[in-house]
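Printed here is entry_33.pdb (PDB, C-alpha atoms, pLDDT in the B column):
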```
ATOM      1  CA  MET A   1       0.971   1.622 -20.250  1.00 51.00           C
ATOM      2  CA  ALA A   2      -2.617   1.692 -19.052  1.00 59.00           C
ATOM      3  CA  THR A   3      -4.555   0.189 -16.198  1.00 62.00           C
ATOM      4  CA  ARG A   4      -8.014  -1.224 -16.686  1.00 59.00           C
ATOM      5  CA  ARG A   5     -10.906  -1.384 -14.237  1.00 56.00           C
ATOM      6  CA  GLU A   6     -14.547  -2.191 -15.024  1.00 58.00           C
ATOM      7  CA  GLY A   7     -14.461  -0.952 -18.593  1.00 66.00           C
ATOM      8  CA  HIS A   8     -12.352   2.133 -17.855  1.00 70.00           C
ATOM      9  CA  VAL A   9      -8.812   2.425 -19.117  1.00 80.00           C
ATOM     10  CA  ARG A  10      -6.576   4.865 -17.265  1.00 84.00           C
ATOM     11  CA  TYR A  11      -3.158   6.142 -18.228  1.00 88.00           C
ATOM     12  CA  PRO A  12      -1.590   7.245 -14.930  1.00 93.00           C
ATOM     13  CA  ASP A  13       1.426   9.514 -14.991  1.00 93.00           C
ATOM     14  CA  GLY A  14       3.381   6.769 -13.250  1.00 94.00           C
ATOM     15  CA  MET A  15       2.885   3.398 -11.618  1.00 95.00           C
ATOM     16  CA  VAL A  16       4.799   0.612  -9.947  1.00 95.00           C
ATOM     17  CA  LEU A  17       4.135  -3.056 -10.643  1.00 94.00           C
ATOM     18  CA  CYS A  18       5.402  -5.987  -8.612  1.00 93.00           C
ATOM     19  CA  SER A  19       4.670  -8.666 -11.184  1.00 91.00           C
ATOM     20  CA  PRO A  20       6.301  -9.489 -14.509  1.00 91.00           C
ATOM     21  CA  VAL A  21       4.874  -7.703 -17.535  1.00 88.00           C
ATOM     22  CA  ASP A  22       5.130  -8.734 -21.159  1.00 89.00           C
ATOM     23  CA  ARG A  23       7.133  -6.039 -22.975  1.00 88.00           C
ATOM     24  CA  THR A  24       4.422  -5.830 -25.635  1.00 91.00           C
ATOM     25  CA  ALA A  25       1.580  -5.328 -23.126  1.00 88.00           C
ATOM     26  CA  THR A  26      -0.426  -2.131 -23.457  1.00 87.00           C
ATOM     27  CA  VAL A  27      -2.638  -2.737 -20.413  1.00 86.00           C
ATOM     28  CA  VAL A  28      -1.742  -3.910 -16.925  1.00 87.00           C
ATOM     29  CA  TYR A  29      -4.195  -5.150 -14.347  1.00 86.00           C
ATOM     30  CA  ASP A  30      -2.260  -5.091 -11.096  1.00 91.00           C
ATOM     31  CA  PRO A  31      -0.450  -1.816 -10.342  1.00 94.00           C
ATOM     32  CA  VAL A  32       0.591  -1.492  -6.692  1.00 96.00           C
ATOM     33  CA  VAL A  33       1.406   2.233  -6.507  1.00 97.00           C
ATOM     34  CA  VAL A  34      -0.130   4.817  -8.851  1.00 97.00           C
ATOM     35  CA  PHE A  35       1.068   8.403  -9.392  1.00 97.00           C
ATOM     36  CA  GLU A  36      -0.838  11.304 -10.915  1.00 96.00           C
ATOM     37  CA  VAL A  37       0.466  14.844 -11.402  1.00 96.00           C
ATOM     38  CA  LEU A  38      -2.376  17.271 -10.778  1.00 95.00           C
ATOM     39  CA  SER A  39      -3.053  20.122 -13.149  1.00 92.00           C
ATOM     40  CA  PRO A  40      -5.920  22.618 -13.198  1.00 91.00           C
ATOM     41  CA  SER A  41      -7.600  20.727 -16.041  1.00 93.00           C
ATOM     42  CA  THR A  42      -7.296  17.245 -14.465  1.00 90.00           C
ATOM     43  CA  ALA A  43      -7.296  17.825 -10.690  1.00 93.00           C
ATOM     44  CA  ARG A  44     -11.017  17.220 -10.124  1.00 92.00           C
ATOM     45  CA  ASP A  45     -10.973  13.983 -12.119  1.00 93.00           C
ATOM     46  CA  ASP A  46      -7.733  12.841 -10.417  1.00 94.00           C
ATOM     47  CA  ARG A  47      -9.003  13.638  -6.906  1.00 95.00           C
ATOM     48  CA  ILE A  48     -12.479  12.134  -7.258  1.00 94.00           C
ATOM     49  CA  VAL A  49     -13.088   9.873 -10.258  1.00 92.00           C
ATOM     50  CA  LYS A  50      -9.655   8.292 -10.534  1.00 92.00           C
ATOM     51  CA  ALA A  51      -9.291   8.038  -6.756  1.00 93.00           C
ATOM     52  CA  ARG A  52     -12.471   5.946  -6.572  1.00 92.00           C
ATOM     53  CA  GLU A  53     -11.382   3.761  -9.488  1.00 91.00           C
ATOM     54  CA  TYR A  54      -7.911   3.172  -8.072  1.00 92.00           C
ATOM     55  CA  GLN A  55      -9.392   2.415  -4.647  1.00 92.00           C
ATOM     56  CA  ALA A  56     -11.685  -0.145  -6.286  1.00 90.00           C
ATOM     57  CA  THR A  57      -8.680  -1.878  -7.867  1.00 91.00           C
ATOM     58  CA  PRO A  58      -7.571  -4.527  -5.333  1.00 93.00           C
ATOM     59  CA  SER A  59      -3.891  -4.436  -6.304  1.00 94.00           C
ATOM     60  CA  VAL A  60      -3.527  -0.668  -5.732  1.00 95.00           C
ATOM     61  CA  GLN A  61      -2.113  -0.098  -2.259  1.00 97.00           C
ATOM     62  CA  ARG A  62      -1.129   3.562  -2.581  1.00 98.00           C
ATOM     63  CA  TYR A  63      -2.309   6.456  -4.756  1.00 97.00           C
ATOM     64  CA  VAL A  64       0.007   9.483  -4.860  1.00 98.00           C
ATOM     65  CA  MET A  65      -1.294  12.790  -6.251  1.00 97.00           C
ATOM     66  CA  LEU A  66       1.572  15.203  -6.841  1.00 97.00           C
ATOM     67  CA  GLU A  67       0.851  18.910  -7.028  1.00 95.00           C
ATOM     68  CA  GLN A  68       2.082  20.683 -10.141  1.00 93.00           C
ATOM     69  CA  ASP A  69       2.541  24.160  -8.700  1.00 91.00           C
ATOM     70  CA  GLY A  70       4.566  23.318  -5.592  1.00 93.00           C
ATOM     71  CA  ALA A  71       6.327  20.462  -3.818  1.00 95.00           C
ATOM     72  CA  SER A  72       3.398  18.813  -2.061  1.00 97.00           C
ATOM     73  CA  ALA A  73       1.288  15.703  -2.428  1.00 98.00           C
ATOM     74  CA  THR A  74      -1.790  13.900  -1.212  1.00 97.00           C
ATOM     75  CA  VAL A  75      -1.247  10.206  -0.567  1.00 98.00           C
ATOM     76  CA  TYR A  76      -4.052   7.672  -0.166  1.00 97.00           C
ATOM     77  CA  ALA A  77      -3.085   4.314   1.333  1.00 98.00           C
ATOM     78  CA  ARG A  78      -5.078   1.111   1.645  1.00 97.00           C
ATOM     79  CA  SER A  79      -5.488  -0.027   5.230  1.00 93.00           C
ATOM     80  CA  GLY A  80      -7.482  -3.231   5.151  1.00 89.00           C
ATOM     81  CA  GLU A  81     -10.902  -2.362   3.761  1.00 88.00           C
ATOM     82  CA  THR A  82     -10.504   1.374   4.346  1.00 94.00           C
ATOM     83  CA  TRP A  83      -8.247   4.128   3.034  1.00 96.00           C
ATOM     84  CA  THR A  84      -6.218   6.681   4.928  1.00 97.00           C
ATOM     85  CA  HIS A  85      -4.784   9.861   3.506  1.00 96.00           C
ATOM     86  CA  GLU A  86      -1.825  12.052   4.274  1.00 97.00           C
ATOM     87  CA  ILE A  87      -0.829  15.505   3.063  1.00 98.00           C
ATOM     88  CA  LEU A  88       2.899  15.875   2.349  1.00 98.00           C
ATOM     89  CA  ILE A  89       4.941  19.040   1.966  1.00 96.00           C
ATOM     90  CA  ALA A  90       8.426  19.534   0.535  1.00 93.00           C
ATOM     91  CA  ASP A  91      10.305  18.396   3.647  1.00 96.00           C
ATOM     92  CA  SER A  92       8.108  15.298   4.128  1.00 97.00           C
ATOM     93  CA  ILE A  93       9.193  11.737   3.482  1.00 98.00           C
ATOM     94  CA  LEU A  94       7.170   9.843   0.887  1.00 98.00           C
ATOM     95  CA  ALA A  95       6.904   6.323   2.305  1.00 97.00           C
ATOM     96  CA  LEU A  96       6.062   3.529  -0.117  1.00 97.00           C
ATOM     97  CA  PRO A  97       6.347   0.449   2.123  1.00 97.00           C
ATOM     98  CA  GLU A  98       4.656  -1.732  -0.496  1.00 95.00           C
ATOM     99  CA  ILE A  99       7.810  -1.499  -2.569  1.00 96.00           C
ATOM    100  CA  GLY A 100      10.332  -0.894   0.220  1.00 97.00           C
ATOM    101  CA  VAL A 101      11.062   2.736  -0.677  1.00 97.00           C
ATOM    102  CA  GLU A 102      11.202   5.954   1.350  1.00 97.00           C
ATOM    103  CA  LEU A 103      12.377   9.215  -0.185  1.00 96.00           C
ATOM    104  CA  PRO A 104      12.144  12.908   0.514  1.00 97.00           C
ATOM    105  CA  LEU A 105       9.235  14.342  -1.458  1.00 97.00           C
ATOM    106  CA  ALA A 106      11.530  17.179  -2.545  1.00 95.00           C
ATOM    107  CA  GLU A 107      13.589  14.673  -4.576  1.00 95.00           C
ATOM    108  CA  LEU A 108      10.633  14.132  -6.919  1.00 94.00           C
ATOM    109  CA  TYR A 109      10.669  17.859  -7.642  1.00 95.00           C
ATOM    110  CA  GLU A 110      14.432  18.245  -7.976  1.00 94.00           C
ATOM    111  CA  GLY A 111      15.242  20.651 -10.805  1.00 93.00           C
ATOM    112  CA  VAL A 112      11.633  21.820 -11.192  1.00 92.00           C
ATOM    113  CA  VAL A 113      11.185  25.583 -11.273  1.00 92.00           C
ATOM    114  CA  PHE A 114       7.733  26.687 -10.160  1.00 89.00           C
ATOM    115  CA  GLU A 115       6.040  29.707 -11.682  1.00 83.00           C
ATOM    116  CA  ALA A 116       5.251  32.619  -9.388  1.00 74.00           C
ATOM    117  CA  ASN A 117       1.911  32.272  -7.625  1.00 61.00           C
ATOM    118  CA  GLN A 118      -0.645  34.122  -9.722  1.00 52.00           C
ATOM    119  CA  ASN A 119      -3.017  34.349  -6.759  1.00 52.00           C
ATOM    120  CA  SER A 120      -0.642  36.371  -4.636  1.00 47.00           C
ATOM    121  CA  ASP A 121      -1.780  39.131  -2.281  1.00 47.00           C
ATOM    122  CA  GLU A 122       0.346  41.700  -4.085  1.00 45.00           C
ATOM    123  CA  THR A 123      -1.014  44.408  -6.375  1.00 44.00           C
ATOM    124  CA  SER A 124       0.572  45.209  -9.721  1.00 44.00           C
ATOM    125  CA  GLU A 125       2.639  47.959  -8.062  1.00 49.00           C
ATOM    126  CA  GLY A 126       4.133  45.436  -5.651  1.00 49.00           C
ATOM    127  CA  GLU A 127       2.218  46.744  -2.641  1.00 49.00           C
ATOM    128  CA  SER A 128       0.240  44.499  -0.333  1.00 46.00           C
ATOM    129  CA  ALA A 129      -3.471  44.428  -1.053  1.00 44.00           C
TER     130      ALA A 129
END
```
Structure encoded using structure tokens:
Amino acid sequence: MATRREGHVRYPDGMVLCSPVDRTATVVYDPVVVFEVLSPSTARDDRIVKAREYQATPSVQRYVMLEQDGASATVYARSGETWTHEILIADSILALPEIGVELPLAELYEGVVFEANQNSDETSEGESA
């Protein structure tokens, strides 16, 4: 399902709605919480372009960007006319008061196996650089 804003149609990785939706709808206009999973190819667009579009959508109260390579997230929240942001790590609680939910961020990553960090400080022989 897509969201639409000023001629742009977005397909977020996840979203929460608080209003009824026709089962045949392909576009929704009032998501409350939007989730994106960042990847190297989409991170810039998710962090800048989509963030501005979601912030310009009056119904969106929270925008959650989940990291793909580790259990962490950046959360933008509407606070009146401004936005605040918070950086979460694995042992943080993801609070979504708009929908009455709080959960450990780690639960969203349960069962996910992360690849070894390719930017490590180790040489190919396993010695520190």
Distance query 10 Å from (-2.8, 19.2, -9.2) using all atoms listed in the file, result as a PyMOL selection string: chain A and resi 36-44+46-47+65-70+72-74
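For the pair atom CA of Ile93 of chain A and atom CA of Glu53 of chain A, the interatomic distance is 25.6 Å.
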Nearest to Phe114 of chain A, chosen from A:Leu96, A:Ala71, A:Val34, A:Leu88, with all atoms listed in the file counted in the distances: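 So, comparing all the options, the nearest one is A:Ala71.
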Pick from A:Tyr63, A:Phe35, A:Tyr54, A:Tyr76 nearest to Met15 of chain A, counting only C-alpha atoms: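 Using only C-alpha atoms, the shortest distance to Met15 of chain A belongs to A:Phe35.
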Expected selection from the PyMOL selection byres ((chain A and resi 106) around 7), given as a PyMOL selection string: chain A and resi 71+90-91+104-105+107-110
Output of the PyMOL selection byres ((chain A and resi 59) around 6), listed as number ranges by chain: A: 30-32, 57-58, 60
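Atom CA of Arg10 of chain A is found 10.8 Å from atom CA of Val49 of chain A.
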Atomic distance atom CA of Val101 of chain A - atom CA of Pro12 of chain A, expressed in Å with one decimal: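 Separation of atom CA of Val101 of chain A and atom CA of Pro12 of chain A: 19.6 Å.
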Size and centre in Å, one decimal, axis-aligned box, all listed segment 72-90 of chain A atoms plus 8 Å per side, as lines of an AutoDock Vina configuration file:
```
center_x = -1.2
center_y = 8.2
center_z = 1.4
size_x = 35.3
size_y = 38.8
size_z = 23.7
```
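If you measure from each of A:Val64, A:Ala95, A:Gly111, A:Val27 to Lys50 of chain A using only C-alpha atoms, the closest one turns out to be A:Val64.
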Minimum-distance residue to Ala56 of chain A, chosen among A:Gly100, A:His8, A:Ser92, A:Leu17 (using all atoms listed in the file):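 Checking each of A:Gly100, A:His8, A:Ser92, A:Leu17 against Ala56 of chain A, counting all atoms listed in the file, the winner is A:His8.
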Target residues per the PyMOL selection byres ((chain A and resi 85) around 7), formatted as a PyMOL selection string: chain A and resi 74-77+83-84+86-87
Would you fill the gaps in segment 80-96 of chain A so it has N, CA and C atoms, then print it as a short mmCIF file (atom, residue, chain, number, x, y, z; two decimals), in the frame of the given file?
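Generated file (rebuild.cif):
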```
data_model
loop_
_atom_site.label_atom_id
_atom_site.label_comp_id
_atom_site.auth_asym_id
_atom_site.auth_seq_id
_atom_site.Cartn_x
_atom_site.Cartn_y
_atom_site.Cartn_z
N GLY A 80 -6.41 -2.24 5.08
CA GLY A 80 -7.48 -3.23 5.15
C GLY A 80 -8.57 -2.89 4.15
N GLU A 81 -9.77 -2.71 4.63
CA GLU A 81 -10.90 -2.36 3.76
C GLU A 81 -11.12 -0.86 3.65
N THR A 82 -10.34 -0.08 4.38
CA THR A 82 -10.50 1.37 4.35
C THR A 82 -9.27 2.03 3.74
N TRP A 83 -9.36 3.35 3.57
CA TRP A 83 -8.25 4.13 3.03
C TRP A 83 -7.93 5.26 3.99
N THR A 84 -6.66 5.53 4.15
CA THR A 84 -6.22 6.68 4.93
C THR A 84 -5.61 7.67 3.95
N HIS A 85 -5.47 8.90 4.37
CA HIS A 85 -4.78 9.86 3.51
C HIS A 85 -3.85 10.72 4.33
N GLU A 86 -2.86 11.23 3.65
CA GLU A 86 -1.82 12.05 4.27
C GLU A 86 -1.46 13.17 3.31
N ILE A 87 -1.26 14.36 3.85
CA ILE A 87 -0.83 15.50 3.06
C ILE A 87 0.67 15.68 3.31
N LEU A 88 1.45 15.71 2.24
CA LEU A 88 2.90 15.88 2.35
C LEU A 88 3.31 17.24 1.83
N ILE A 89 4.34 17.80 2.45
CA ILE A 89 4.94 19.04 1.97
C ILE A 89 6.39 18.75 1.62
N ALA A 90 7.09 19.74 1.10
CA ALA A 90 8.43 19.53 0.54
C ALA A 90 9.38 18.78 1.45
N ASP A 91 9.34 19.06 2.76
CA ASP A 91 10.30 18.40 3.65
C ASP A 91 9.79 17.07 4.22
N SER A 92 8.67 16.58 3.69
CA SER A 92 8.11 15.30 4.13
C SER A 92 8.82 14.13 3.45
N ILE A 93 8.68 12.98 4.07
CA ILE A 93 9.19 11.74 3.48
C ILE A 93 8.02 11.00 2.83
N LEU A 94 8.17 10.65 1.58
CA LEU A 94 7.17 9.84 0.89
C LEU A 94 7.51 8.38 1.15
N ALA A 95 6.68 7.73 1.96
CA ALA A 95 6.90 6.32 2.31
C ALA A 95 6.06 5.44 1.39
N LEU A 96 6.72 4.50 0.75
CA LEU A 96 6.06 3.53 -0.12
C LEU A 96 6.45 2.14 0.37
#
```
